[in-house]
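Each remark here refers to the structure printed beneath this line.
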Amino acid sequence: MIWTSGWELASAVSNAGGLGIIGSGSMYPDILREQIRKCRAATEKSFGVNVPLLYPDIEKHMRVIVEEGVKIVFTSAGNPKTWTSILKEKGITVVHVVSSSVFAKKAEAAGCDAIVAEGFEAGGHNGREETTSLVLIPLVRSAVQIPVLAAGGIASGRQMLAAMVLGAEGVQVGSRFVASEEASAHQNFKNAVIHATEGSTHLSLKKVVPVRLLKNAFFEQVQAAELNGASKEELETLLGRGRAKKGMYEGDLENGELEIGQVSAAIRDILPAETILKNLWAEFEAALQEPLYHL
Ligand SMILES: Cc1cc2nc3c(=O)[nH]c(=O)nc-3n(C[C@H](O)[C@H](O)[C@H](O)COP(=O)(O)O)c2cc1C
């Protein structure tokens, strides 16, 4: 996750039994190299790097990933065709994030090892089709043979179990970890996340790249411009440069871009990543014991 998942969060998640992922989308290549090295020094467990494929400096990022011996890459926001085979030739496991069964099939055809099916509820960039996790997971499950990880709206063990009932082999959790002690998000942003309620987020900037945002003054500006029929170029100008950094990393809750999922409405505390993972598993096990599953 850009601006929020650096080596501290990724290594904490891996040390606690998950697969921590460094979000490279907000990093220059030399920063990414440093983050990978710090993550490796902080955990002996596997970890991955996420690379949004729209990133302009993508060749440099991929070179760093290969040179540093990263074993698992999650790609997103783009066509997996070009990079999957290049990474796989280097022995890297490639997982691609999709928001539709059409893209899931394309990712499978491109040779990806697994897929993240990310529903409309999710924080960050999002699909134009607006397919919710409840609908998307079974669609993707039946569209491909490779393993499916569900994302979007999962912050509790009960939600994790639901995703698995729908056909997922595993889950990718985003928003819940923004409100973790190890996330590199600004404290103001973390506090805003735990005070979010139902309706606090909205899918925005569909003409540019659809992204789910926490409502604030910047969001209202975008909404007004969109209602007035602003063009893609006008919206890009309004967005400017560095909005996401301003909001999520520097803590400007008014003028910054704040990316978070609908499930923020259910997140009420900032916890260590290890506790978040322990809670997820404990809730999952407890939910499994409920009478529904023993009919
Ligand atoms: C602050 C934030 C930044 C994100 N940045 C990225 C990113 O750079 N690349 C990516 O593939 N997904 C990104 N995502 C999406 C997450 O990886 C994950 O799929 C999503 O948060 C899952 O939905 P949830 O928020 O309901 O848990 C981001 C999510 C958030 C909340």
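Order determines the names: the first chain of the structure tokens is A, the second B, and so forth; residues in each chain are numbered 1 upward, and ligands are numbered 1 upward as they are shown.
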Would you list the residues that come within 9 Å of ligand 1? Count only C-alpha atoms and all ligand atoms and give the answer as a ChimeraX atom specification.
/A:1-5,21-26,50-52,74-77,96-97,116-126,150-155,171-178,185,212-213,244,248,258-264
Test item: residues at most 7 Å from region 214-231 of chain A, only C-alpha atoms, excluding those fewer than 6 positions along its chain, as an NGL selection string
:A and (200-202 or 253-260)
Show me, as a PDB file with N, CA, C and O atoms, in the first residue's frame, the residues that have an atom within 9 Å of region 99-101 of chain A when counting only C-alpha atoms, minus same-chain residues fewer than 3 positions from it.
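As a result, out.pdb now contains:
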ATOM      1  N   ALA A 104      -9.040 -11.548 -14.668  1.00  0.00           N
ATOM      2  CA  ALA A 104      -8.507 -12.744 -13.994  1.00  0.00           C
ATOM      3  C   ALA A 104      -8.033 -13.752 -15.044  1.00  0.00           C
ATOM      4  O   ALA A 104      -6.943 -14.326 -14.933  1.00  0.00           O
ATOM      5  N   LYS A 105      -8.856 -13.946 -16.070  1.00  0.00           N
ATOM      6  CA  LYS A 105      -8.474 -14.897 -17.140  1.00  0.00           C
ATOM      7  C   LYS A 105      -7.216 -14.413 -17.850  1.00  0.00           C
ATOM      8  O   LYS A 105      -6.342 -15.204 -18.193  1.00  0.00           O
ATOM      9  N   LYS A 106      -7.145 -13.105 -18.093  1.00  0.00           N
ATOM     10  CA  LYS A 106      -5.948 -12.558 -18.763  1.00  0.00           C
ATOM     11  C   LYS A 106      -4.700 -12.785 -17.908  1.00  0.00           C
ATOM     12  O   LYS A 106      -3.627 -13.111 -18.427  1.00  0.00           O
ATOM     13  N   VAL A 116      -5.249 -11.944  -7.038  1.00  0.00           N
ATOM     14  CA  VAL A 116      -6.005 -11.281  -5.982  1.00  0.00           C
ATOM     15  C   VAL A 116      -7.266 -10.730  -6.635  1.00  0.00           C
ATOM     16  O   VAL A 116      -7.182  -9.927  -7.570  1.00  0.00           O
ATOM     17  N   ALA A 117      -8.429 -11.189  -6.173  1.00  0.00           N
ATOM     18  CA  ALA A 117      -9.698 -10.643  -6.668  1.00  0.00           C
ATOM     19  C   ALA A 117     -10.116  -9.539  -5.705  1.00  0.00           C
ATOM     20  O   ALA A 117     -10.461  -9.808  -4.554  1.00  0.00           O
ATOM     21  N   GLU A 118     -10.037  -8.307  -6.179  1.00  0.00           N
ATOM     22  CA  GLU A 118     -10.239  -7.163  -5.280  1.00  0.00           C
ATOM     23  C   GLU A 118     -11.578  -6.484  -5.565  1.00  0.00           C
ATOM     24  O   GLU A 118     -11.796  -5.953  -6.651  1.00  0.00           O
ATOM     25  N   GLY A 119     -12.457  -6.522  -4.593  1.00  0.00           N
ATOM     26  CA  GLY A 119     -13.812  -5.969  -4.752  1.00  0.00           C
ATOM     27  C   GLY A 119     -13.871  -4.460  -4.599  1.00  0.00           C
ATOM     28  O   GLY A 119     -12.927  -3.813  -4.127  1.00  0.00           O
ATOM     29  N   PHE A 120     -15.030  -3.938  -4.963  1.00  0.00           N
ATOM     30  CA  PHE A 120     -15.336  -2.509  -4.980  1.00  0.00           C
ATOM     31  C   PHE A 120     -15.196  -1.839  -3.602  1.00  0.00           C
ATOM     32  O   PHE A 120     -14.993  -0.632  -3.501  1.00  0.00           O
ATOM     33  N   ASN A 126      -9.189   1.000  -7.805  1.00  0.00           N
ATOM     34  CA  ASN A 126     -10.342   0.126  -7.819  1.00  0.00           C
ATOM     35  C   ASN A 126     -10.858  -0.065  -9.240  1.00  0.00           C
ATOM     36  O   ASN A 126     -10.564   0.734 -10.120  1.00  0.00           O
ATOM     37  N   GLY A 127     -11.649  -1.127  -9.448  1.00  0.00           N
ATOM     38  CA  GLY A 127     -12.163  -1.410 -10.786  1.00  0.00           C
ATOM     39  C   GLY A 127     -13.289  -0.479 -11.197  1.00  0.00           C
ATOM     40  O   GLY A 127     -14.041  -0.010 -10.344  1.00  0.00           O
ATOM     41  N   ARG A 128     -13.401  -0.242 -12.509  1.00  0.00           N
ATOM     42  CA  ARG A 128     -14.467   0.618 -13.022  1.00  0.00           C
ATOM     43  C   ARG A 128     -15.830  -0.060 -12.946  1.00  0.00           C
ATOM     44  O   ARG A 128     -16.860   0.579 -12.901  1.00  0.00           O
ATOM     45  N   GLU A 129     -15.824  -1.412 -12.930  1.00  0.00           N
ATOM     46  CA  GLU A 129     -17.097  -2.151 -12.985  1.00  0.00           C
ATOM     47  C   GLU A 129     -17.847  -2.113 -11.657  1.00  0.00           C
ATOM     48  O   GLU A 129     -19.016  -2.491 -11.599  1.00  0.00           O
ATOM     49  N   GLU A 130     -17.177  -1.733 -10.587  1.00  0.00           N
ATOM     50  CA  GLU A 130     -17.783  -1.619  -9.268  1.00  0.00           C
ATOM     51  C   GLU A 130     -18.332  -2.942  -8.747  1.00  0.00           C
ATOM     52  O   GLU A 130     -19.357  -2.978  -8.062  1.00  0.00           O
ATOM     53  N   THR A 131     -17.666  -4.053  -9.050  1.00  0.00           N
ATOM     54  CA  THR A 131     -18.150  -5.353  -8.579  1.00  0.00           C
ATOM     55  C   THR A 131     -17.703  -5.588  -7.138  1.00  0.00           C
ATOM     56  O   THR A 131     -16.512  -5.526  -6.829  1.00  0.00           O
ATOM     57  N   THR A 132     -18.662  -5.857  -6.271  1.00  0.00           N
ATOM     58  CA  THR A 132     -18.343  -6.047  -4.853  1.00  0.00           C
ATOM     59  C   THR A 132     -17.705  -7.418  -4.635  1.00  0.00           C
ATOM     60  O   THR A 132     -17.886  -8.339  -5.436  1.00  0.00           O
ATOM     61  N   LEU A 136     -17.769 -10.729  -6.836  1.00  0.00           N
ATOM     62  CA  LEU A 136     -16.520 -10.948  -7.594  1.00  0.00           C
ATOM     63  C   LEU A 136     -15.819 -12.270  -7.266  1.00  0.00           C
ATOM     64  O   LEU A 136     -15.348 -12.971  -8.175  1.00  0.00           O
ATOM     65  N   ILE A 137     -15.743 -12.604  -5.977  1.00  0.00           N
ATOM     66  CA  ILE A 137     -14.938 -13.776  -5.588  1.00  0.00           C
ATOM     67  C   ILE A 137     -15.437 -15.057  -6.287  1.00  0.00           C
ATOM     68  O   ILE A 137     -14.647 -15.749  -6.933  1.00  0.00           O
ATOM     69  N   LEU A 139     -17.185 -15.320  -8.996  1.00  0.00           N
ATOM     70  CA  LEU A 139     -17.006 -15.176 -10.451  1.00  0.00           C
ATOM     71  C   LEU A 139     -15.568 -15.491 -10.847  1.00  0.00           C
ATOM     72  O   LEU A 139     -15.314 -16.233 -11.797  1.00  0.00           O
ATOM     73  N   VAL A 140     -14.635 -14.931 -10.102  1.00  0.00           N
ATOM     74  CA  VAL A 140     -13.215 -15.162 -10.409  1.00  0.00           C
ATOM     75  C   VAL A 140     -12.847 -16.617 -10.118  1.00  0.00           C
ATOM     76  O   VAL A 140     -12.136 -17.254 -10.886  1.00  0.00           O
ATOM     77  N   ARG A 141     -13.391 -17.142  -9.016  1.00  0.00           N
ATOM     78  CA  ARG A 141     -13.103 -18.542  -8.646  1.00  0.00           C
ATOM     79  C   ARG A 141     -13.440 -19.494  -9.797  1.00  0.00           C
ATOM     80  O   ARG A 141     -12.701 -20.404 -10.123  1.00  0.00           O
ATOM     81  N   SER A 142     -14.622 -19.246 -10.411  1.00  0.00           N
ATOM     82  CA  SER A 142     -15.004 -20.185 -11.468  1.00  0.00           C
ATOM     83  C   SER A 142     -14.363 -19.837 -12.818  1.00  0.00           C
ATOM     84  O   SER A 142     -14.424 -20.639 -13.747  1.00  0.00           O
ATOM     85  N   ALA A 143     -13.722 -18.672 -12.909  1.00  0.00           N
ATOM     86  CA  ALA A 143     -13.114 -18.275 -14.191  1.00  0.00           C
ATOM     87  C   ALA A 143     -11.697 -18.822 -14.365  1.00  0.00           C
ATOM     88  O   ALA A 143     -11.216 -18.960 -15.483  1.00  0.00           O
ATOM     89  N   VAL A 144     -11.007 -19.109 -13.248  1.00  0.00           N
ATOM     90  CA  VAL A 144      -9.594 -19.522 -13.348  1.00  0.00           C
ATOM     91  C   VAL A 144      -9.300 -20.777 -12.527  1.00  0.00           C
ATOM     92  O   VAL A 144     -10.064 -21.116 -11.616  1.00  0.00           O
TER      93      VAL A 144
END
Which residues, written as an MDAnalysis selection string, have at least one atom at most 10 Å from region 9-20 of chain A, with only C-alpha atoms counted and residues fewer than 6 positions away on the same chain left out?
chainID A and resid 35:36 38:49 72 172 177:178 180:184 272:278
I need the residues in region 25-259 of chain A that are strand (DSSP E or B) according to DSSP; give them as a PyMOL selection string.
chain A and resi 47-52+72-76+93-98+114-118+124-125+148-151+170-172+180+201-204+211-214+259
Residues flagged alpha helix (DSSP H) by DSSP in region 31-273 of chain A, as a count of residues only
94
